[in-house]
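A.B. asks: My structure is below; once you've seen it, I'll send some questions.
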2 protein chains.
Amino acid sequence: MSKLVIVGTVAFDAIETPFGKTDKILGGAATYIGLSASRFDVDSAIVSVVGGDFPSTYIEMLKEKGMDVKGLEIVPDGKTFFWSGKYHNDMNSRDTLATELNVLETFNPVVPESYKDSEVVMLGNLHPMVQMGVINQMNDPKLVVLDTMNFWMDIALEDLKKVIAKVDVITINDEEARQLSGAYSLVNASKKIMEMGPKYVVIKKGEHGALLFHKEEMFFAPALPLADVFDPTGAGDSFAGGFTGFLAKTGDYSFENMKRAIIHGSCLASFCVEKFGTERMQNLSDTEIANRLRQFKSLTQYEMELT
Amino acid sequence: MSKLVIVGTVAFDAIETPFGKTDKILGGAATYIGLSASRFDVDSAIVSVVGGDFPSTYIEMLKEKGMDVKGLEIVPDGKTFFWSGKYHNDMNSRDTLATELNVLETFNPVVPESYKDSEVVMLGNLHPMVQMGVINQMNDPKLVVLDTMNFWMDIALEDLKKVIAKVDVITINDEEARQLSGAYSLVNASKKIMEMGPKYVVIKKGEHGALLFHKEEMFFAPALPLADVFDPTGAGDSFAGGFTGFLAKTGDYSFENMKRAIIHGSCLASFCVEKFGTERMQNLSDTEIANRLRQFKSLTQYEMELT
């Protein structure tokens with residue numbers, strides 16, 4: 001079975017959307033990535049850190065869902081990373097209300113010995129030097145995927161560029177792609193980002209779908225139009241988990257297979273937003289996923305004779 | 001050969017975008033629709049009005065491109081409709097700088113006798129009562145498609161609802177769909193609009209593509225990501241022209257064939273934005289169109305085994 005290493009935050013989130021608000025609930029990039037990736041037949045391990053305040057029931061749940069948590073450090077007298085945010089009415093933008101780094105401030109990721117030969121590495125959103133620390137521990141992975149955000153472009157751009165130069169795939173949202181590249185059109189932005197190192201660029205456009213760029217090639221997958229989006233938190237990470245989980249399972253890192261990976265990522269992200277936090281990702285049947293993949297197919301596939 | 005009646009403005013436009021600005025150039029919904037629809041093997045007629053200031057060279061061009069202009073009324077002592085607008089940097093929004101209705105104020109559309117039995121009617125953006133006047137002259141068309149905009153929702157909503165109740169397909173942008181339906185999500189908005197009459201709803205999202213709704217079915221076509229968009233003017237009308245031109249040519253008004261029509265519309269719209277005004281639509285080879293249809297196909301089509 002292929003191995004997948006996932007580094008990212010495991011966190012408490014407090015979320016407010018037009019549909020309601022939550023107290024501190026389970027969140028974090030690695031949590032969403034792991035819940036999504038574990039839908040595939042892969043051996044996935046989370047590398048992250050939590051405080052002594054992190055409920056053991058959460059850790060049990062992650063294990064039950066198929067994640068290896070040997071790389072999940074627990075700092076008994078530390079506090080778990082906390083993020084709080086409020087979404088605007090259109091759900092496409094949000095304000096961060098609080099960010100308490102806590103145990104993340106001194107986080108030094110340690111990849112478990114048995115996962116250093118993993119085929120795929122998913123570097124969730126974290127300080128670029130933490131991401132680099134994980135790459136340096138790996139033993140020649142087949143595919144390294146990096147997610148990041150504008151925050152690191154603002155405060156650690158040089159570090160970020162160093163880690164970007166080392167990865168195969170970068171996933172980034174449209175505004176971040178523009179900020180990182182200095183180009184407005186996503187076609188031009190992706191070209192400039194590929195010049196920084198990654199052979200593949202995935203640009204996430206939220207409700208407007210995702211674009212995959214590779215050399216001169218381009219692929220687009222829409223998000224599934226939904227009657228109601230309850231909470232967008234974790235959608236990008238669920239996407240990344242589906243993308244890397246599928247690639248790790250199939251062991252095929254071609255552009256053709258990345259198209260399928262993008263569809264799987266979009267499919268899982270479409271569930272994530274249907275409930276608050278991780279609730280939907282924790283309660284999701286294989287049948288529901290299979291049916292939704294069919295919906296995705298009928299959403300964009302057509303027959304046309306070309307001359 | 002199938003017949004297509006196109007009603008809409010034939011106009012002078014003055015356009016400003018971040019790439020430059022134009023003097024008064026040829027514009028208007030019917031112009032763009034006609035240039036796009038005439039790429040197909042259909043007998044298309046424009047029903048519109050211009051003033052004595054409208055250059056005969058423009059009329060010759062329309063005829064040369066295959067449009068019948070018997071229904072293009074010329075008011076010798078009148079002035080042609082004039083619109084001027086300025087696009088913002090993101091090209092997704094614009095300010096209208098001037099709207100001079102001129103000959104449009106008293107326009108009474110007359111469908112030429114030989115086109116009253118047309119299979120397809122494309123009602124371009126105009127006062128809903130003008131659109132209704134055209135429907136009333138038609139002799140049982142197979143498909144009536146209506147385009148409209150927020151302006152008519154603001155000033156003539158009841159008239160608009162009457163004409164919407166009479167058409168098979170409505171094309172509308174995302175903000176307008178929200179305004180017309182009072183629903184935020186496009187899934188819910190399309191449901192409410194279908195309850196008003198149309199069996200098919202096409203929601204245009206500009207650079208984010210177009211959605212087709214019919215009963216419980218949904219189809220999505222992206223816009224082609226372009227390195228540079230010079231001038232979005234006419235893109236929606238070029239889309240409508242490709243959509244109706246293809247449907248008129250094939251005579252197949254099924255949901256499956258509408259998917260192909262949406263792709264043809266998106267394809268033609270992708271050319272329209274590459275130059276100012278109608279320039280690109282006037283100079284477009286069949287080979288360029290065939291190649292771009294291939295690009296559209298590779299942009300979204302994938303092979304995936306479903307369980």
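Just remember, in the structure tokens the first chain shown is A, the second B, etc., residues are 1-based per chain, and ligands are 1-based in the order shown.
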If chain B is fitted onto chain A by least squares over all C-alpha atoms, taken pair by pair in sequence order, what do its new coordinates look like as a short mmCIF file (atom, residue, chain, number, x, y, z; two decimals) with C-alpha atoms, in the first residue's frame?
C.D. replies:
```cif
data_model
loop_
_atom_site.label_atom_id
_atom_site.label_comp_id
_atom_site.auth_asym_id
_atom_site.auth_seq_id
_atom_site.Cartn_x
_atom_site.Cartn_y
_atom_site.Cartn_z
CA MET B 1 0.01 0.00 0.01
CA SER B 2 1.31 3.45 -0.91
CA LYS B 3 2.25 5.77 1.89
CA LEU B 4 1.25 9.41 2.21
CA VAL B 5 2.73 11.87 4.69
CA ILE B 6 0.50 14.80 5.62
CA VAL B 7 1.94 17.77 7.45
CA GLY B 8 -0.31 20.59 8.60
CA THR B 9 -2.20 22.00 11.52
CA VAL B 10 -4.47 20.08 13.84
CA ALA B 11 -6.51 22.76 15.49
CA PHE B 12 -9.51 24.12 17.28
CA ASP B 13 -11.70 26.30 15.07
CA ALA B 14 -14.53 28.64 16.02
CA ILE B 15 -16.54 29.48 12.92
CA GLU B 16 -19.30 31.92 12.14
CA THR B 17 -21.25 31.82 8.88
CA PRO B 18 -24.63 33.28 7.86
CA PHE B 19 -26.08 29.90 8.89
CA GLY B 20 -24.81 29.90 12.46
CA LYS B 21 -21.75 29.74 14.66
CA THR B 22 -19.78 27.09 16.48
CA ASP B 23 -17.82 26.86 19.71
CA LYS B 24 -14.31 25.46 19.50
CA ILE B 25 -14.56 22.46 17.22
CA LEU B 26 -12.03 20.17 15.57
CA GLY B 27 -10.26 21.79 12.64
CA GLY B 28 -6.87 22.22 11.00
CA ALA B 29 -5.41 21.61 7.57
CA ALA B 30 -3.94 18.19 8.38
CA THR B 31 -7.25 17.09 9.87
CA TYR B 32 -9.21 17.89 6.72
CA ILE B 33 -6.49 16.59 4.42
CA GLY B 34 -6.31 13.36 6.41
CA LEU B 35 -10.07 12.82 6.55
CA SER B 36 -10.23 13.27 2.80
CA ALA B 37 -7.11 11.24 1.88
CA SER B 38 -8.17 8.37 4.12
CA ARG B 39 -11.11 7.72 1.78
CA PHE B 40 -8.55 6.06 -0.47
CA ASP B 41 -6.70 2.83 0.07
CA VAL B 42 -3.48 4.47 1.27
CA ASP B 43 -1.38 4.34 4.41
CA SER B 44 -1.48 7.95 5.56
CA ALA B 45 0.30 9.55 8.48
CA ILE B 46 -0.28 12.94 10.04
CA VAL B 47 2.70 15.02 11.15
CA SER B 48 1.49 17.78 13.44
CA VAL B 49 1.32 19.02 17.01
CA VAL B 50 -1.43 19.59 19.60
CA GLY B 51 -1.55 20.64 23.24
CA GLY B 52 -2.63 18.78 26.34
CA ASP B 53 -6.08 20.34 25.90
CA PHE B 54 -6.71 18.31 22.74
CA PRO B 55 -9.35 15.66 23.47
CA SER B 56 -8.17 12.09 23.12
CA THR B 57 -11.52 11.28 21.48
CA TYR B 58 -10.42 13.39 18.51
CA ILE B 59 -7.18 11.45 18.25
CA GLU B 60 -9.13 8.19 18.44
CA MET B 61 -11.38 9.40 15.63
CA LEU B 62 -8.39 10.20 13.41
CA LYS B 63 -6.98 6.72 14.05
CA GLU B 64 -10.35 5.12 13.42
CA LYS B 65 -10.56 6.91 10.08
CA GLY B 66 -7.29 5.27 9.12
CA MET B 67 -4.63 7.86 9.93
CA ASP B 68 -1.38 6.96 11.58
CA VAL B 69 -0.80 9.46 14.41
CA LYS B 70 2.74 8.47 15.44
CA GLY B 71 3.86 11.82 14.00
CA LEU B 72 1.24 13.79 15.95
CA GLU B 73 3.22 15.30 18.80
CA ILE B 74 1.37 16.09 22.02
CA VAL B 75 2.77 18.88 24.19
CA PRO B 76 1.15 18.16 27.58
CA ASP B 77 1.52 21.64 29.04
CA GLY B 78 0.86 23.40 25.73
CA LYS B 79 -2.34 24.66 24.13
CA THR B 80 -3.63 23.55 20.74
CA PHE B 81 -3.54 26.01 17.83
CA PHE B 82 -6.77 28.02 17.70
CA TRP B 83 -8.31 29.85 14.76
CA SER B 84 -11.54 31.79 14.63
CA GLY B 85 -13.14 33.30 11.58
CA LYS B 86 -16.33 34.83 10.28
CA TYR B 87 -17.54 34.35 6.71
CA HIS B 88 -19.25 37.12 4.79
CA ASN B 89 -22.64 36.61 3.21
CA ASP B 90 -21.21 35.48 -0.12
CA MET B 91 -19.09 32.82 1.66
CA ASN B 92 -16.20 33.70 -0.65
CA SER B 93 -14.44 35.94 1.81
CA ARG B 94 -13.89 35.85 5.53
CA ASP B 95 -12.41 37.81 8.40
CA THR B 96 -10.00 36.14 10.77
CA LEU B 97 -11.14 36.99 14.29
CA ALA B 98 -8.39 35.21 16.24
CA THR B 99 -5.22 33.23 15.58
CA GLU B 100 -3.49 31.72 18.62
CA LEU B 101 -0.45 29.79 17.45
CA ASN B 102 0.24 28.21 20.86
CA VAL B 103 2.12 24.90 20.35
CA LEU B 104 2.69 25.75 16.67
CA GLU B 105 5.16 28.48 17.65
CA THR B 106 7.86 25.96 18.47
CA PHE B 107 6.71 23.10 16.24
CA ASN B 108 9.52 20.99 14.87
CA PRO B 109 7.96 18.32 12.66
CA VAL B 110 9.30 14.77 12.98
CA VAL B 111 8.40 12.31 10.23
CA PRO B 112 8.08 8.81 11.72
CA GLU B 113 10.89 6.52 10.56
CA SER B 114 8.46 4.17 8.82
CA TYR B 115 7.05 7.00 6.68
CA LYS B 116 10.31 8.50 5.43
CA ASP B 117 10.03 6.35 2.32
CA SER B 118 6.47 7.54 1.53
CA GLU B 119 5.67 7.97 -2.14
CA VAL B 120 3.63 11.15 -1.66
CA VAL B 121 4.07 14.13 0.67
CA MET B 122 1.29 16.66 1.23
CA LEU B 123 2.60 19.85 2.79
CA GLY B 124 -0.43 21.60 4.25
CA ASN B 125 -0.47 25.30 5.00
CA LEU B 126 2.25 26.02 7.61
CA HIS B 127 5.37 28.15 7.87
CA PRO B 128 7.49 27.37 4.77
CA MET B 129 10.46 26.43 6.92
CA VAL B 130 8.36 23.79 8.69
CA GLN B 131 7.35 22.48 5.27
CA MET B 132 11.02 22.45 4.24
CA GLY B 133 11.88 20.56 7.43
CA VAL B 134 9.55 17.77 6.33
CA ILE B 135 10.95 17.62 2.78
CA ASN B 136 14.46 17.31 4.23
CA GLN B 137 13.46 14.24 6.24
CA MET B 138 11.98 12.42 3.24
CA ASN B 139 13.78 9.75 1.31
CA ASP B 140 13.17 10.57 -2.37
CA PRO B 141 9.36 10.81 -2.56
CA LYS B 142 7.68 10.44 -5.96
CA LEU B 143 5.47 13.51 -5.51
CA VAL B 144 5.58 16.51 -3.18
CA VAL B 145 2.52 18.76 -3.08
CA LEU B 146 2.55 22.11 -1.31
CA ASP B 147 -0.34 24.24 -0.14
CA THR B 148 0.27 27.74 1.18
CA MET B 149 -1.43 31.08 1.61
CA ASN B 150 -0.99 34.84 1.28
CA PHE B 151 0.01 35.15 4.96
CA TRP B 152 3.40 33.48 4.23
CA MET B 153 3.86 35.59 1.10
CA ASP B 154 3.48 38.64 3.32
CA ILE B 155 5.87 37.63 6.10
CA ALA B 156 8.19 34.89 4.76
CA LEU B 157 8.36 35.21 0.99
CA GLU B 158 12.00 34.21 0.60
CA ASP B 159 11.54 31.08 2.71
CA LEU B 160 8.40 30.29 0.75
CA LYS B 161 10.22 30.60 -2.57
CA LYS B 162 12.88 28.16 -1.34
CA VAL B 163 10.33 25.50 -0.54
CA ILE B 164 8.30 26.18 -3.71
CA ALA B 165 11.46 25.43 -5.69
CA LYS B 166 11.53 21.94 -4.16
CA VAL B 167 7.99 20.74 -4.85
CA ASP B 168 6.26 19.08 -7.79
CA VAL B 169 2.82 20.58 -7.33
CA ILE B 170 1.63 23.78 -5.68
CA THR B 171 -2.00 24.37 -4.77
CA ILE B 172 -2.94 27.98 -4.24
CA ASN B 173 -6.03 30.15 -4.61
CA ASP B 174 -6.55 32.66 -7.42
CA GLU B 175 -5.74 35.79 -5.40
CA GLU B 176 -2.65 34.14 -3.96
CA ALA B 177 -1.51 33.06 -7.42
CA ARG B 178 -1.77 36.70 -8.49
CA GLN B 179 0.11 37.90 -5.44
CA LEU B 180 2.87 35.32 -5.77
CA SER B 181 3.38 35.84 -9.51
CA GLY B 182 2.55 39.51 -9.96
CA ALA B 183 0.46 38.51 -12.99
CA TYR B 184 -3.26 39.08 -13.21
CA SER B 185 -4.48 36.42 -15.62
CA LEU B 186 -4.29 32.93 -14.18
CA VAL B 187 -2.71 31.65 -17.39
CA ASN B 188 0.20 34.06 -16.98
CA ALA B 189 0.33 33.61 -13.21
CA SER B 190 0.65 29.83 -13.54
CA LYS B 191 3.48 30.22 -16.07
CA LYS B 192 5.45 32.42 -13.69
CA ILE B 193 4.85 30.05 -10.79
CA MET B 194 6.01 27.06 -12.85
CA GLU B 195 9.23 29.01 -13.48
CA MET B 196 9.73 29.03 -9.71
CA GLY B 197 9.95 25.24 -9.64
CA PRO B 198 6.69 23.29 -9.57
CA LYS B 199 5.88 21.29 -12.70
CA TYR B 200 2.19 21.49 -11.86
CA VAL B 201 0.15 24.42 -10.57
CA VAL B 202 -3.34 23.96 -9.17
CA ILE B 203 -5.28 27.20 -8.79
CA LYS B 204 -8.29 26.90 -6.50
CA LYS B 205 -11.14 29.28 -7.26
CA GLY B 206 -13.53 28.20 -4.49
CA GLU B 207 -17.07 27.98 -5.82
CA HIS B 208 -15.67 28.64 -9.30
CA GLY B 209 -13.70 25.41 -9.42
CA ALA B 210 -10.03 24.58 -9.89
CA LEU B 211 -7.52 24.85 -12.71
CA LEU B 212 -4.57 22.53 -13.26
CA PHE B 213 -1.63 23.80 -15.33
CA HIS B 214 1.31 21.77 -16.64
CA LYS B 215 3.63 23.05 -19.37
CA GLU B 216 1.24 24.25 -22.09
CA GLU B 217 -1.62 22.07 -20.87
CA MET B 218 -4.63 23.12 -18.88
CA PHE B 219 -7.46 21.27 -17.15
CA PHE B 220 -10.46 22.71 -15.38
CA ALA B 221 -12.83 21.14 -12.87
CA PRO B 222 -15.85 23.06 -11.59
CA ALA B 223 -17.02 23.02 -8.03
CA LEU B 224 -20.38 21.32 -7.76
CA PRO B 225 -23.08 24.01 -7.67
CA LEU B 226 -24.84 23.49 -4.35
CA ALA B 227 -28.16 24.79 -3.09
CA ASP B 228 -26.58 25.72 0.23
CA VAL B 229 -23.01 26.09 1.42
CA PHE B 230 -22.95 25.96 5.21
CA ASP B 231 -19.28 26.38 5.99
CA PRO B 232 -16.39 26.64 3.50
CA THR B 233 -13.77 25.92 6.20
CA GLY B 234 -11.56 23.05 5.16
CA ALA B 235 -12.79 22.83 1.58
CA GLY B 236 -9.35 23.59 0.13
CA ASP B 237 -7.72 21.06 2.44
CA SER B 238 -10.34 18.42 1.67
CA PHE B 239 -9.58 19.08 -1.99
CA ALA B 240 -5.84 18.60 -1.36
CA GLY B 241 -6.51 15.40 0.58
CA GLY B 242 -8.60 13.94 -2.22
CA PHE B 243 -6.03 15.01 -4.79
CA THR B 244 -3.04 13.46 -3.01
CA GLY B 245 -4.95 10.46 -1.66
CA PHE B 246 -6.04 9.48 -5.15
CA LEU B 247 -2.55 10.01 -6.60
CA ALA B 248 -0.92 7.99 -3.81
CA LYS B 249 -3.41 5.16 -4.25
CA THR B 250 -2.99 4.94 -8.02
CA GLY B 251 0.78 5.65 -8.07
CA ASP B 252 0.26 7.35 -11.42
CA TYR B 253 1.54 10.95 -11.46
CA SER B 254 0.79 11.73 -15.11
CA PHE B 255 -1.17 14.78 -16.23
CA GLU B 256 -4.04 12.50 -17.30
CA ASN B 257 -4.27 10.99 -13.86
CA MET B 258 -3.98 14.37 -12.18
CA LYS B 259 -7.21 15.31 -13.99
CA ARG B 260 -8.94 12.46 -12.17
CA ALA B 261 -7.24 13.49 -8.93
CA ILE B 262 -8.63 17.02 -9.33
CA ILE B 263 -12.12 15.59 -9.79
CA HIS B 264 -11.75 13.43 -6.67
CA GLY B 265 -10.52 16.45 -4.74
CA SER B 266 -13.43 18.60 -5.95
CA CYS B 267 -15.85 15.82 -5.09
CA LEU B 268 -14.65 15.53 -1.49
CA ALA B 269 -14.54 19.32 -1.08
CA SER B 270 -18.16 19.48 -2.18
CA PHE B 271 -19.17 17.39 0.84
CA CYS B 272 -16.99 19.31 3.28
CA VAL B 273 -18.98 22.54 2.87
CA GLU B 274 -22.35 20.90 3.53
CA LYS B 275 -21.98 20.94 7.33
CA PHE B 276 -19.98 22.87 9.92
CA GLY B 277 -16.38 21.81 10.50
CA THR B 278 -15.41 18.20 9.88
CA GLU B 279 -18.87 16.77 10.55
CA ARG B 280 -19.69 15.86 6.96
CA MET B 281 -16.21 14.45 6.28
CA GLN B 282 -16.52 12.21 9.32
CA ASN B 283 -19.87 10.88 8.18
CA LEU B 284 -19.64 10.13 4.52
CA SER B 285 -20.39 6.82 2.88
CA ASP B 286 -18.64 5.29 -0.12
CA THR B 287 -21.99 5.22 -1.90
CA GLU B 288 -22.43 8.96 -1.42
CA ILE B 289 -18.97 9.54 -2.89
CA ALA B 290 -19.63 7.25 -5.87
CA ASN B 291 -22.92 9.03 -6.60
CA ARG B 292 -21.32 12.42 -6.41
CA LEU B 293 -18.54 11.40 -8.78
CA ARG B 294 -21.35 10.54 -11.20
CA GLN B 295 -22.82 14.01 -10.68
CA PHE B 296 -19.44 15.56 -11.40
CA LYS B 297 -19.14 13.55 -14.58
CA SER B 298 -22.56 14.54 -15.89
CA LEU B 299 -21.85 18.16 -14.96
CA THR B 300 -19.09 18.61 -17.54
CA GLN B 301 -18.87 15.62 -19.86
CA TYR B 302 -20.33 15.82 -23.36
CA GLU B 303 -20.10 14.10 -26.70
CA MET B 304 -18.96 16.21 -29.61
CA GLU B 305 -17.60 15.29 -33.00
CA LEU B 306 -14.60 17.44 -33.83
CA THR B 307 -13.56 18.19 -37.37
#
```
A.B. asks: Name the residues of range 37-251 of chain B that come out as strand (DSSP E) in a backbone DSSP run; write them as a count of residues only.
C.D. replies: 57
